[in-house]
$ cat structure_6.pdb   # PDB, C-alpha atoms and all ligand atoms
MODEL        1
ATOM      1  CA  MET A  15       0.000   0.000   0.000  1.00  0.00           C
ATOM      2  CA  LYS A  16       1.368   3.441  -0.934  1.00  0.00           C
ATOM      3  CA  THR A  17       1.755   6.019   1.821  1.00  0.00           C
ATOM      4  CA  ILE A  18       1.154   9.756   1.558  1.00  0.00           C
ATOM      5  CA  LEU A  19       2.712  11.940   4.231  1.00  0.00           C
ATOM      6  CA  VAL A  20       0.631  14.983   5.221  1.00  0.00           C
ATOM      7  CA  LEU A  21       2.636  17.670   6.992  1.00  0.00           C
ATOM      8  CA  ASN A  22       1.174  20.628   8.845  1.00  0.00           C
ATOM      9  CA  GLY A  23       3.195  23.530  10.180  1.00  0.00           C
ATOM     10  CA  PRO A  24       2.820  25.881  13.131  1.00  0.00           C
ATOM     11  CA  ASN A  25      -0.527  26.976  14.566  1.00  0.00           C
ATOM     12  CA  LEU A  26      -2.509  24.577  12.386  1.00  0.00           C
ATOM     13  CA  ASN A  27      -3.275  22.666  15.610  1.00  0.00           C
ATOM     14  CA  LEU A  28      -5.480  25.691  16.394  1.00  0.00           C
ATOM     15  CA  LEU A  29      -7.681  25.328  13.299  1.00  0.00           C
ATOM     16  CA  GLY A  30     -11.356  25.633  14.169  1.00  0.00           C
ATOM     17  CA  CYS A  31     -10.810  28.407  16.686  1.00  0.00           C
ATOM     18  CA  ARG A  32      -8.042  30.364  14.946  1.00  0.00           C
ATOM     19  CA  GLU A  33      -9.027  33.283  12.621  1.00  0.00           C
ATOM     20  CA  VAL A  34     -12.089  31.418  11.352  1.00  0.00           C
ATOM     21  CA  ASN A  35     -12.666  34.176   8.759  1.00  0.00           C
ATOM     22  CA  PHE A  36      -9.512  32.924   7.008  1.00  0.00           C
ATOM     23  CA  TYR A  37      -9.354  29.259   8.000  1.00  0.00           C
ATOM     24  CA  GLY A  38     -12.966  28.183   8.542  1.00  0.00           C
ATOM     25  CA  ALA A  39     -14.546  26.070  11.261  1.00  0.00           C
ATOM     26  CA  ASP A  40     -12.977  22.652  10.581  1.00  0.00           C
ATOM     27  CA  ASN A  41     -10.334  21.607  13.067  1.00  0.00           C
ATOM     28  CA  LEU A  42      -7.274  19.546  12.163  1.00  0.00           C
ATOM     29  CA  LYS A  43      -8.844  16.330  13.516  1.00  0.00           C
ATOM     30  CA  THR A  44     -11.820  16.747  11.134  1.00  0.00           C
ATOM     31  CA  ILE A  45      -9.452  17.373   8.222  1.00  0.00           C
ATOM     32  CA  GLU A  46      -7.490  14.241   9.147  1.00  0.00           C
ATOM     33  CA  THR A  47     -10.659  12.120   9.493  1.00  0.00           C
ATOM     34  CA  ASN A  48     -12.000  13.243   6.096  1.00  0.00           C
ATOM     35  CA  LEU A  49      -8.640  12.562   4.479  1.00  0.00           C
ATOM     36  CA  ARG A  50      -8.371   9.102   6.064  1.00  0.00           C
ATOM     37  CA  THR A  51     -11.818   8.202   4.675  1.00  0.00           C
ATOM     38  CA  LEU A  52     -10.672   9.269   1.207  1.00  0.00           C
ATOM     39  CA  ALA A  53      -7.352   7.429   1.565  1.00  0.00           C
ATOM     40  CA  ASN A  54      -9.166   4.220   2.560  1.00  0.00           C
ATOM     41  CA  GLN A  55     -11.413   4.506  -0.492  1.00  0.00           C
ATOM     42  CA  HIS A  56      -8.308   4.682  -2.701  1.00  0.00           C
ATOM     43  CA  SER A  57      -6.337   2.015  -0.771  1.00  0.00           C
ATOM     44  CA  TYR A  58      -3.699   4.472   0.389  1.00  0.00           C
ATOM     45  CA  SER A  59      -2.175   4.747   3.810  1.00  0.00           C
ATOM     46  CA  LEU A  60      -1.751   8.194   5.437  1.00  0.00           C
ATOM     47  CA  ASP A  61       0.857   9.518   7.806  1.00  0.00           C
ATOM     48  CA  PHE A  62      -0.675  12.734   9.210  1.00  0.00           C
ATOM     49  CA  PHE A  63       1.611  15.002  11.257  1.00  0.00           C
ATOM     50  CA  GLN A  64       1.524  18.511  12.727  1.00  0.00           C
ATOM     51  CA  SER A  65       4.291  20.376  14.501  1.00  0.00           C
ATOM     52  CA  ASN A  66       4.962  23.889  15.705  1.00  0.00           C
ATOM     53  CA  HIS A  67       8.709  23.218  15.380  1.00  0.00           C
ATOM     54  CA  GLU A  68      10.701  23.577  12.177  1.00  0.00           C
ATOM     55  CA  GLY A  69      13.218  20.872  13.135  1.00  0.00           C
ATOM     56  CA  GLU A  70      10.483  18.301  13.787  1.00  0.00           C
ATOM     57  CA  LEU A  71       9.023  18.915  10.337  1.00  0.00           C
ATOM     58  CA  ILE A  72      12.496  18.508   8.831  1.00  0.00           C
ATOM     59  CA  ASP A  73      13.080  15.255  10.781  1.00  0.00           C
ATOM     60  CA  LYS A  74       9.770  13.902   9.463  1.00  0.00           C
ATOM     61  CA  ILE A  75      10.736  14.803   5.872  1.00  0.00           C
ATOM     62  CA  GLN A  76      14.142  13.125   6.257  1.00  0.00           C
ATOM     63  CA  GLN A  77      12.534   9.980   7.709  1.00  0.00           C
ATOM     64  CA  ALA A  78      10.124   9.847   4.747  1.00  0.00           C
ATOM     65  CA  LYS A  79      13.019   8.846   2.509  1.00  0.00           C
ATOM     66  CA  ASN A  80      13.427   5.536   4.360  1.00  0.00           C
ATOM     67  CA  SER A  81       9.714   4.989   5.004  1.00  0.00           C
ATOM     68  CA  ASN A  82       8.540   4.333   1.471  1.00  0.00           C
ATOM     69  CA  VAL A  83       6.508   7.565   1.305  1.00  0.00           C
ATOM     70  CA  ALA A  84       5.164   7.955  -2.251  1.00  0.00           C
ATOM     71  CA  ALA A  85       4.411  11.688  -2.013  1.00  0.00           C
ATOM     72  CA  ILE A  86       3.900  14.532   0.443  1.00  0.00           C
ATOM     73  CA  ILE A  87       1.117  17.074   0.979  1.00  0.00           C
ATOM     74  CA  ILE A  88       2.477  20.003   2.965  1.00  0.00           C
ATOM     75  CA  ASN A  89       0.891  23.056   4.514  1.00  0.00           C
ATOM     76  CA  PRO A  90       4.020  24.731   5.832  1.00  0.00           C
ATOM     77  CA  ALA A  91       1.865  27.493   7.409  1.00  0.00           C
ATOM     78  CA  ALA A  92       4.034  30.491   8.371  1.00  0.00           C
ATOM     79  CA  TYR A  93       7.187  28.543   7.402  1.00  0.00           C
ATOM     80  CA  THR A  94       5.958  28.890   3.808  1.00  0.00           C
ATOM     81  CA  HIS A  95       7.280  32.409   3.832  1.00  0.00           C
ATOM     82  CA  THR A  96      10.504  31.872   5.798  1.00  0.00           C
ATOM     83  CA  SER A  97      11.943  28.366   5.692  1.00  0.00           C
ATOM     84  CA  VAL A  98      14.922  27.661   3.478  1.00  0.00           C
ATOM     85  CA  ALA A  99      15.604  24.708   5.822  1.00  0.00           C
ATOM     86  CA  ILE A 100      12.306  22.916   5.065  1.00  0.00           C
ATOM     87  CA  ARG A 101      12.760  23.667   1.355  1.00  0.00           C
ATOM     88  CA  ASP A 102      16.243  22.117   1.487  1.00  0.00           C
ATOM     89  CA  ALA A 103      14.886  19.023   3.270  1.00  0.00           C
ATOM     90  CA  LEU A 104      12.294  18.481   0.525  1.00  0.00           C
ATOM     91  CA  LEU A 105      14.965  18.902  -2.141  1.00  0.00           C
ATOM     92  CA  ALA A 106      17.282  16.514  -0.283  1.00  0.00           C
ATOM     93  CA  VAL A 107      14.781  13.640  -0.098  1.00  0.00           C
ATOM     94  CA  ASP A 108      13.555  14.300  -3.634  1.00  0.00           C
ATOM     95  CA  ILE A 109       9.958  13.222  -2.915  1.00  0.00           C
ATOM     96  CA  LYS A 110       7.165  14.795  -4.997  1.00  0.00           C
ATOM     97  CA  PHE A 111       4.941  17.165  -3.039  1.00  0.00           C
ATOM     98  CA  ILE A 112       1.925  19.443  -3.294  1.00  0.00           C
ATOM     99  CA  GLU A 113       1.816  22.686  -1.268  1.00  0.00           C
ATOM    100  CA  VAL A 114      -1.575  23.583   0.210  1.00  0.00           C
ATOM    101  CA  HIS A 115      -2.995  26.649   1.942  1.00  0.00           C
ATOM    102  CA  ILE A 116      -6.483  26.849   3.406  1.00  0.00           C
ATOM    103  CA  SER A 117      -6.681  30.625   2.937  1.00  0.00           C
ATOM    104  CA  ASN A 118      -5.974  32.470  -0.297  1.00  0.00           C
ATOM    105  CA  VAL A 119      -2.509  33.759   0.550  1.00  0.00           C
ATOM    106  CA  PHE A 120      -2.578  36.066  -2.491  1.00  0.00           C
ATOM    107  CA  LYS A 121      -5.554  37.996  -1.078  1.00  0.00           C
ATOM    108  CA  ARG A 122      -3.668  38.665   2.147  1.00  0.00           C
ATOM    109  CA  GLU A 123      -0.573  40.600   3.284  1.00  0.00           C
ATOM    110  CA  SER A 124       2.196  40.891   0.703  1.00  0.00           C
ATOM    111  CA  PHE A 125       4.648  38.873   2.872  1.00  0.00           C
ATOM    112  CA  ARG A 126       2.348  35.873   2.302  1.00  0.00           C
ATOM    113  CA  HIS A 127       2.737  36.159  -1.486  1.00  0.00           C
ATOM    114  CA  LYS A 128       6.284  34.776  -1.290  1.00  0.00           C
ATOM    115  CA  SER A 129       6.637  30.998  -0.896  1.00  0.00           C
ATOM    116  CA  PHE A 130       9.852  29.024  -0.513  1.00  0.00           C
ATOM    117  CA  PHE A 131       7.987  25.972  -1.875  1.00  0.00           C
ATOM    118  CA  SER A 132       5.863  26.851  -4.896  1.00  0.00           C
ATOM    119  CA  ASP A 133       8.692  26.700  -7.459  1.00  0.00           C
ATOM    120  CA  ILE A 134       9.722  23.179  -6.402  1.00  0.00           C
ATOM    121  CA  ALA A 135       6.218  21.762  -5.739  1.00  0.00           C
ATOM    122  CA  ILE A 136       4.273  19.724  -8.309  1.00  0.00           C
ATOM    123  CA  GLY A 137       1.585  22.340  -7.713  1.00  0.00           C
ATOM    124  CA  THR A 138       0.055  24.634  -5.130  1.00  0.00           C
ATOM    125  CA  ILE A 139      -3.586  24.826  -4.001  1.00  0.00           C
ATOM    126  CA  SER A 140      -4.567  27.926  -2.049  1.00  0.00           C
ATOM    127  CA  GLY A 141      -7.772  29.509  -0.842  1.00  0.00           C
ATOM    128  CA  LEU A 142     -10.427  26.812  -1.156  1.00  0.00           C
ATOM    129  CA  GLY A 143     -10.776  26.094   2.542  1.00  0.00           C
ATOM    130  CA  SER A 144     -10.038  22.813   4.293  1.00  0.00           C
ATOM    131  CA  GLN A 145     -10.883  20.794   1.161  1.00  0.00           C
ATOM    132  CA  VAL A 146      -7.439  21.759  -0.228  1.00  0.00           C
ATOM    133  CA  TYR A 147      -6.074  18.631   1.493  1.00  0.00           C
ATOM    134  CA  GLU A 148      -8.597  16.358  -0.254  1.00  0.00           C
ATOM    135  CA  LEU A 149      -8.038  18.077  -3.614  1.00  0.00           C
ATOM    136  CA  ALA A 150      -4.279  17.606  -3.262  1.00  0.00           C
ATOM    137  CA  PHE A 151      -4.771  13.958  -2.292  1.00  0.00           C
ATOM    138  CA  LEU A 152      -6.967  13.266  -5.348  1.00  0.00           C
ATOM    139  CA  ALA A 153      -4.416  14.953  -7.604  1.00  0.00           C
ATOM    140  CA  LEU A 154      -1.668  12.734  -6.166  1.00  0.00           C
ATOM    141  CA  VAL A 155      -3.723   9.578  -6.727  1.00  0.00           C
ATOM    142  CA  LYS A 156      -3.875  10.460 -10.434  1.00  0.00           C
ATOM    143  CA  ILE A 157      -0.222  11.505 -10.621  1.00  0.00           C
ATOM    144  CA  LEU A 158       0.978   8.324  -8.882  1.00  0.00           C
ATOM    145  CA  ALA A 159      -1.266   5.963 -10.888  1.00  0.00           C
TER     146      ALA A 159
HETATM  147  C1  LIG B   1      -1.618  29.115   5.716  1.00  0.00           C
HETATM  148  C2  LIG B   1      -1.274  30.521   5.201  1.00  0.00           C
HETATM  149  C3  LIG B   1      -0.018  31.050   5.895  1.00  0.00           C
HETATM  150  O1  LIG B   1       0.295  32.345   5.407  1.00  0.00           O
HETATM  151  C4  LIG B   1      -0.252  31.131   7.393  1.00  0.00           C
HETATM  152  O2  LIG B   1       0.934  31.549   8.044  1.00  0.00           O
HETATM  153  C5  LIG B   1      -0.779  29.883   7.977  1.00  0.00           C
HETATM  154  C6  LIG B   1      -1.739  29.069   7.226  1.00  0.00           C
HETATM  155  C7  LIG B   1      -2.967  28.601   5.133  1.00  0.00           C
HETATM  156  O3  LIG B   1      -3.221  27.405   5.256  1.00  0.00           O
HETATM  157  O4  LIG B   1      -3.747  29.397   4.602  1.00  0.00           O
HETATM  158  O5  LIG B   1      -0.496  29.556   9.125  1.00  0.00           O
HETATM  159  O6  LIG B   1      -0.612  28.220   5.282  1.00  0.00           O
ENDMDL
END

$ encode --input "structure_6.pdb" --output "structure tokens"
Amino acid sequence: MKTILVLNGPNLNLLGCREVNFYGADNLKTIETNLRTLANQHSYSLDFFQSNHEGELIDKIQQAKNSNVAAIIINPAAYTHTSVAIRDALLAVDIKFIEVHISNVFKRESFRHKSFFSDIAIGTISGLGSQVYELAFLALVKILA
């Protein structure tokens, strides 16, 4: 069974109560549950992980190389706009990934318009709410078929 690693950066553990005007009412557990249902339907296994710490996200990316991870979905959250280190980790393991954002980062402050990931991602999905994870998953199923 193929595994997709889903990585979530800082403050995404607060989804559901954090700036609901931008991020909506779904919490991370609901997002994970919906994604697991979809993964089961497509006979995929999911490794779903959230951390507020850059190094932990990097460790998880490095471990993916030896864990038979077929692809990654990543919402780097605020690290999108700052982290050369997470970018380098993704380049180092050379695993395909899709970048997702729940809010439309291009409608927001100009510092959110810059991403350290978009130019090395297969693609980026931004601004469609919590379904961005499911849309990215379905895209990966087709890409990996
Ligand atoms: C986010 C957008 C980022 O700019 C922000 O720092 C986040 C969440 C999103 O999902 O819309 O924490 O990645």

$ axis_aligned_box --input "structure_6.pdb" --around "ligand LIG 1 (chain B)" --padding-each-side "3 Å" --output "JSON"
{"center_x": -1.4, "center_y": 29.9, "center_z": 6.9, "size_x": 10.7, "size_y": 10.9, "size_z": 10.5}

$ residues_around --input "structure_6.pdb" --residues "His127 (chain A)" --least-positions-apart "6" --cutoff "8 Å" --atoms "only C-alpha atoms" --output "JSON, numbers by chain"
{"A": [95, 119, 120]}

$ closest_residue --input "structure_6.pdb" --among "A:Glu46, A:Asp102, A:Glu148, A:Glu113" --to "Gln76 (chain A)" --atoms "all atoms listed in the file"
A:Asp102

$ residues_around --input "structure_6.pdb" --residues "Asp108 (chain A)" --least-positions-apart "6" --cutoff "12 Å" --atoms "all atoms listed in the file" --output "PDB file with C-alpha atoms, keeping the file's coordinate frame"
ATOM      1  CA  ILE A  75      10.736  14.803   5.872  1.00  0.00           C
ATOM      2  CA  GLN A  76      14.142  13.125   6.257  1.00  0.00           C
ATOM      3  CA  ALA A  78      10.124   9.847   4.747  1.00  0.00           C
ATOM      4  CA  LYS A  79      13.019   8.846   2.509  1.00  0.00           C
ATOM      5  CA  ASN A  80      13.427   5.536   4.360  1.00  0.00           C
ATOM      6  CA  VAL A  83       6.508   7.565   1.305  1.00  0.00           C
ATOM      7  CA  ALA A  84       5.164   7.955  -2.251  1.00  0.00           C
ATOM      8  CA  ALA A  85       4.411  11.688  -2.013  1.00  0.00           C
ATOM      9  CA  ILE A  86       3.900  14.532   0.443  1.00  0.00           C
ATOM     10  CA  ARG A 101      12.760  23.667   1.355  1.00  0.00           C
ATOM     11  CA  ASP A 102      16.243  22.117   1.487  1.00  0.00           C
ATOM     12  CA  ILE A 134       9.722  23.179  -6.402  1.00  0.00           C
ATOM     13  CA  ALA A 135       6.218  21.762  -5.739  1.00  0.00           C
ATOM     14  CA  ILE A 136       4.273  19.724  -8.309  1.00  0.00           C
TER      15      ILE A 136
END

$ closest_residue --input "structure_6.pdb" --among "A:Leu149, A:Ile116, A:Ile72, A:Ala99" --to "Leu29 (chain A)" --atoms "all atoms listed in the file"
A:Ile116

$ resolve_selection --input "structure_6.pdb" --expression "the PyMOL selection byres (((chain A and resi 74) around 12) and not hetatm)" --output "number ranges by chain"
A: 19-23, 61-65, 67-73, 75-81, 83, 86, 88, 100, 103-104, 107

$ residues_near_ligand --input "structure_6.pdb" --ligand "ligand LIG 1 (chain B)" --cutoff "7 Å" --atoms "only C-alpha atoms and all ligand atoms" --output "JSON, numbers by chain"
{"A": [24, 25, 26, 37, 89, 90, 91, 92, 93, 94, 114, 115, 116, 117, 118, 119, 126, 140, 141]}

$ resolve_selection --input "structure_6.pdb" --expression "the PyMOL selection byres (((chain A and resi 158) around 12) and not hetatm)" --output "ChimeraX atom specification"
/A:16-18,56,58,83-86,109-111,136,151-157,159

$ atom_distance --input "structure_6.pdb" --atom1 "CA of Thr96 (chain A)" --atom2 "CA of Ser129 (chain A)"
7.8 Å

$ atom_distance --input "structure_6.pdb" --atom1 "CA of Phe130 (chain A)" --atom2 "CA of Leu105 (chain A)"
11.5 Å

$ closest_residue --input "structure_6.pdb" --among "A:Ser132, A:Asn54, A:Thr138, A:Asn27" --to "Leu42 (chain A)" --atoms "only C-alpha atoms"
A:Asn27

$ atom_distance --input "structure_6.pdb" --atom1 "CA of Val146 (chain A)" --atom2 "CA of Ile87 (chain A)"
9.8 Å

$ build_atoms --input "structure_6.pdb" --residues "region 74-105 of chain A" --atoms "N, CA and C atoms" --output "CSV table (one decimal), keeping the file's coordinate frame"
chain,number,residue,atom,x,y,z
A,74,LYS,N,10.8,14.7,10.1
A,74,LYS,CA,9.8,13.9,9.5
A,74,LYS,C,10.0,13.8,7.9
A,75,ILE,N,10.4,14.9,7.3
A,75,ILE,CA,10.7,14.8,5.9
A,75,ILE,C,11.9,13.9,5.6
A,76,GLN,N,13.0,14.0,6.4
A,76,GLN,CA,14.1,13.1,6.3
A,76,GLN,C,13.8,11.7,6.4
A,77,GLN,N,12.9,11.4,7.5
A,77,GLN,CA,12.5,10.0,7.7
A,77,GLN,C,11.7,9.4,6.6
A,78,ALA,N,11.0,10.3,5.8
A,78,ALA,CA,10.1,9.8,4.7
A,78,ALA,C,10.9,9.1,3.7
A,79,LYS,N,12.2,9.5,3.5
A,79,LYS,CA,13.0,8.8,2.5
A,79,LYS,C,13.1,7.3,2.8
A,80,ASN,N,13.2,7.0,4.0
A,80,ASN,CA,13.4,5.5,4.4
A,80,ASN,C,12.1,4.9,4.7
A,81,SER,N,11.0,5.6,4.6
A,81,SER,CA,9.7,5.0,5.0
A,81,SER,C,8.8,4.7,3.8
A,82,ASN,N,9.4,4.7,2.6
A,82,ASN,CA,8.5,4.3,1.5
A,82,ASN,C,7.4,5.3,1.2
A,83,VAL,N,7.6,6.6,1.5
A,83,VAL,CA,6.5,7.6,1.3
A,83,VAL,C,6.5,7.9,-0.2
A,84,ALA,N,5.3,7.8,-0.8
A,84,ALA,CA,5.2,8.0,-2.3
A,84,ALA,C,5.1,9.4,-2.6
A,85,ALA,N,4.5,10.2,-1.7
A,85,ALA,CA,4.4,11.7,-2.0
A,85,ALA,C,4.0,12.4,-0.7
A,86,ILE,N,4.2,13.7,-0.8
A,86,ILE,CA,3.9,14.5,0.4
A,86,ILE,C,2.9,15.6,0.1
A,87,ILE,N,2.0,15.9,1.0
A,87,ILE,CA,1.1,17.1,1.0
A,87,ILE,C,1.6,17.9,2.1
A,88,ILE,N,2.0,19.2,1.9
A,88,ILE,CA,2.5,20.0,3.0
A,88,ILE,C,1.8,21.3,3.0
A,89,ASN,N,1.3,21.7,4.2
A,89,ASN,CA,0.9,23.1,4.5
A,89,ASN,C,1.9,23.6,5.5
A,90,PRO,N,2.9,24.3,5.0
A,90,PRO,CA,4.0,24.7,5.8
A,90,PRO,C,3.6,25.9,6.8
A,91,ALA,N,2.4,26.4,6.6
A,91,ALA,CA,1.9,27.5,7.4
A,91,ALA,C,2.8,28.7,7.3
A,92,ALA,N,3.2,29.3,8.4
A,92,ALA,CA,4.0,30.5,8.4
A,92,ALA,C,5.4,30.2,7.8
A,93,TYR,N,5.9,28.9,8.0
A,93,TYR,CA,7.2,28.5,7.4
A,93,TYR,C,7.2,28.6,5.9
A,94,THR,N,6.0,28.7,5.3
A,94,THR,CA,6.0,28.9,3.8
A,94,THR,C,6.8,30.1,3.4
A,95,HIS,N,6.7,31.1,4.2
A,95,HIS,CA,7.3,32.4,3.8
A,95,HIS,C,8.7,32.6,4.4
A,96,THR,N,9.2,31.6,5.1
A,96,THR,CA,10.5,31.9,5.8
A,96,THR,C,11.5,30.7,5.7
A,97,SER,N,11.1,29.5,5.4
A,97,SER,CA,11.9,28.4,5.7
A,97,SER,C,12.7,27.8,4.5
A,98,VAL,N,14.0,28.3,4.4
A,98,VAL,CA,14.9,27.7,3.5
A,98,VAL,C,15.2,26.2,4.0
A,99,ALA,N,15.2,26.0,5.3
A,99,ALA,CA,15.6,24.7,5.8
A,99,ALA,C,14.6,23.6,5.4
A,100,ILE,N,13.3,23.9,5.5
A,100,ILE,CA,12.3,22.9,5.1
A,100,ILE,C,12.4,22.7,3.5
A,101,ARG,N,12.6,23.8,2.8
A,101,ARG,CA,12.8,23.7,1.4
A,101,ARG,C,13.9,22.7,1.1
A,102,ASP,N,15.1,22.9,1.7
A,102,ASP,CA,16.2,22.1,1.5
A,102,ASP,C,16.0,20.6,1.8
A,103,ALA,N,15.2,20.4,2.9
A,103,ALA,CA,14.9,19.0,3.3
A,103,ALA,C,14.1,18.3,2.2
A,104,LEU,N,13.1,19.1,1.6
A,104,LEU,CA,12.3,18.5,0.5
A,104,LEU,C,13.1,18.2,-0.7
A,105,LEU,N,14.1,19.1,-1.0
A,105,LEU,CA,15.0,18.9,-2.1
A,105,LEU,C,15.9,17.7,-1.9
